[in-house]
Amino acid sequence: MNEKLLKYLMERGHLSAQQADKLRSEHASTGRSIRELLNEGGQVSEEQLAEALAAVYRMPMIRLYEQPIPMEVRQIVRADILRDNVVLPFGFDENDPGTLLVALNDPMNIRGRDLVAIASKCRVKPFVATTTDIMLTIDRYYGTEEMQEAVEMYTKDNEIDTSLEEEILREDVNSSPVVMLVNSMVEQAVRQRASDIHVEAEPDRVRVRCRVDGVLYTTANYNLRLLNAIVARIKIISGLDISEKRKPQDGRFTITVDRRDYDVRVSTLPTVYGEKCVMRLNQKKALSRSKKTLGLSDEDLVKFDKILSRPNGIVLVTGPTGSGKSTTLYTALSELNSDEVNIVTVEDPVEANIEGINQVQVNVKAELTFANALRSILRQDPDIIMIGEIRDGETASIAVQASITGHLVVSTLHTNDTASSVTRLLDMGVESYLIADSTVGIIAQRLVRRLCPHCRKERLPLEHEADYLGLSAKERARQTIFEPTGCQRCNGTGYFGRIGVYEIMEITPRIRGMIAARATTDSLRKTAIEEGMLTLKQSVRRLVLDGTTALTEMYAISVEDHEQMMKKNAAEE
């Protein structure tokens, strides 16, 4: 079956021959199934793998987010058994009421099928579904009840004796109510594709919010008495001091959810009502992805490759916090990573470990700053240097010198677009001729939300929208755009995932001369556009016209545009 599965995926273009050979080799050396390796490696999507398994094992496929599950079916098997075995009964066969329909992520999961058959005393008809679909559906139907039970158990225990809180929390006992609550909180957030979890103290409650596709949504509210226990548990697994509640603290921990490893960065902050805790979720393998998945157009891919192929110089990636800069940097490093080059990074913090790359963590207490680390790195015979962020003139100056002396330096800056990055370096005290000599390319980027393909709604643009998109009267009559609606698949938001939009400025001889002459930001931008640079607005416009994203996401690129368009929309309505 392993070979049939690989053949199916290759025939449909989901897997290359080289990837298949690597999987065969891993299977031979580890003895693990191809399905397991595919599920963890990310070579194909979960949906593609589920479709392939259904075809190879000749089983029907089910999408559970489209399937309501009756109460009598939900009461057959306990939630913990369903989670442990990644199975889910979802209905009875219409033609045979004695047959229970069951979703599995693995057609060979005989144990899961048997457990459901024993608990239900019914025959089982298996269907294939993705792991995420099964676990999300379990969360949807059972998650609230489980978390509520954990809350009630904790409250009951603390009515007996509240002085044992820290001692109980220090024990790594999976059955502890608070351990269960925190684990469920993180697991559900991961399955909902959240990037951050916010645990916030309010006057009369603990509010939990998750950031999904860049937007915060409230996911739970708890009694205020639970705050200290939740925060203490998070601190313990993050290696923080649970007795220190007056100062901000930073830590991290690793958690495995549905056989995928996640690195969780934790930050605590004292507020007037108690400590606030934010957890940032990073899948370990998600940062170093293929550049084709970033959202770069064919033209931008050519520019991207051209910039990275330079043997020396500085490549800057700019944008606000949360715009995907780290992902772009890690993708660039993965592209450049080989046995022939020595790559060294200095980061604060190291967001993902990449095999074959030497990564240095900034440590201010040990006086290991960006600048000090860079000086040491230059004595380590590097070919490529990655600086997590250029924050000051000293770091900028060393980076420029390193690039001029034969190293390729990649780094990030917090600026709004490509042209203003030059101004920022000048403000940091770097000489204009050095910026001109060292810089080979600047990439500005943002993330916009993808419309959910299952519920997006098509319509013709209004007059002011057509003007904003630069459409003629003739084009307006036939050009449609899409807007969000909301369904179970996207959890009612109308969006599912995000995609990058890019503005890539190649430093051509003409632009290099203008930088050396201290040209203004506007004139640099104008010249770059004349030489073929697509602005952020032009890049997102392409995604609006092909239905990938909504027009409101295009407005969000510019605050001024957003305010103006909201007024026009209100006026037309």
# chains A, B, ... in the order shown; residues from 1 in each chain; ligands from 1
$ select_by_dssp --residues "segment 144-364 of chain A" --states "strand (DSSP E or B)" --output "NGL selection string"
:A and (194-201 or 206-212 or 215-222 or 249-257 or 260-271 or 274-283 or 313-318 or 343-347 or 358-361 or 363)
$ residues_around --residues "Val341 of chain A" --least-positions-apart "6" --cutoff "9 Å" --atoms "only C-alpha atoms" --output "PyMOL selection string"
chain A and resi 382-384
$ residues_around --residues "segment 34-47 of chain A" --least-positions-apart "5" --cutoff "10 Å" --atoms "only C-alpha atoms" --output "count of residues only"
35
$ residues_around --residues "Asp250 of chain A" --least-positions-apart "2" --cutoff "7 Å" --atoms "only C-alpha atoms" --output "short mmCIF file (atom, residue, chain, number, x, y, z; two decimals) with C-alpha atoms, in the first residue's frame"
data_model
loop_
_atom_site.label_atom_id
_atom_site.label_comp_id
_atom_site.auth_asym_id
_atom_site.auth_seq_id
_atom_site.Cartn_x
_atom_site.Cartn_y
_atom_site.Cartn_z
CA VAL A 266 5.41 32.84 26.61
CA SER A 267 5.25 36.41 27.90
CA THR A 268 3.70 37.50 31.21
#
$ residues_around --residues "Val87 of chain A" --least-positions-apart "5" --cutoff "6 Å" --atoms "only C-alpha atoms" --output "MDAnalysis selection string"
chainID A and resid 82 103:104
$ write_last_selection --atoms "N, CA, C and O atoms" --output "mmCIF file, in the first residue's frame"
data_model
loop_
_atom_site.group_PDB
_atom_site.id
_atom_site.type_symbol
_atom_site.label_atom_id
_atom_site.label_comp_id
_atom_site.auth_asym_id
_atom_site.auth_seq_id
_atom_site.Cartn_x
_atom_site.Cartn_y
_atom_site.Cartn_z
ATOM 1 N N LEU A 82 -11.939 9.034 21.954
ATOM 2 C CA LEU A 82 -11.935 9.559 20.577
ATOM 3 C C LEU A 82 -10.635 10.297 20.287
ATOM 4 O O LEU A 82 -10.027 10.117 19.224
ATOM 5 N N ALA A 103 -15.401 8.212 11.297
ATOM 6 C CA ALA A 103 -14.292 8.862 10.593
ATOM 7 C C ALA A 103 -12.968 8.474 11.232
ATOM 8 O O ALA A 103 -12.830 8.471 12.458
ATOM 9 N N LEU A 104 -11.976 8.136 10.383
ATOM 10 C CA LEU A 104 -10.632 7.766 10.826
ATOM 11 C C LEU A 104 -9.613 8.582 10.047
ATOM 12 O O LEU A 104 -9.825 8.884 8.869
#
$ atom_distance --atom1 "atom CA of Phe496 of chain A" --atom2 "atom CA of Thr549 of chain A"
10.0 Å
$ atom_distance --atom1 "atom CA of Asn223 of chain A" --atom2 "atom CA of Val206 of chain A"
6.1 Å
$ closest_residue --among "A:Pro97, A:Pro320, A:Gly251, A:Pro60" --to "Leu447 of chain A" --atoms "only C-alpha atoms"
A:Pro320
$ residues_around --residues "Glu355 of chain A" --least-positions-apart "3" --cutoff "10 Å" --atoms "only C-alpha atoms" --output "VMD selection string"
chain A and resid 334 337 352 358 to 359
$ residues_around --residues "Leu224 of chain A" --least-positions-apart "4" --cutoff "10 Å" --atoms "only C-alpha atoms" --output "number ranges by chain"
A: 200-207, 228, 273-274
$ closest_residue --among "A:Asn372, A:Asn491, A:Gln538, A:Thr99" --to "Thr137 of chain A" --atoms "only C-alpha atoms"
A:Asn491
$ select_by_dssp --residues "segment 7-160 of chain A" --states "alpha helix (DSSP H)" --output "PyMOL selection string"
chain A and resi 7-11+17-30+34-41+46-56+71-74+79-85+110-120+131-138+144-160
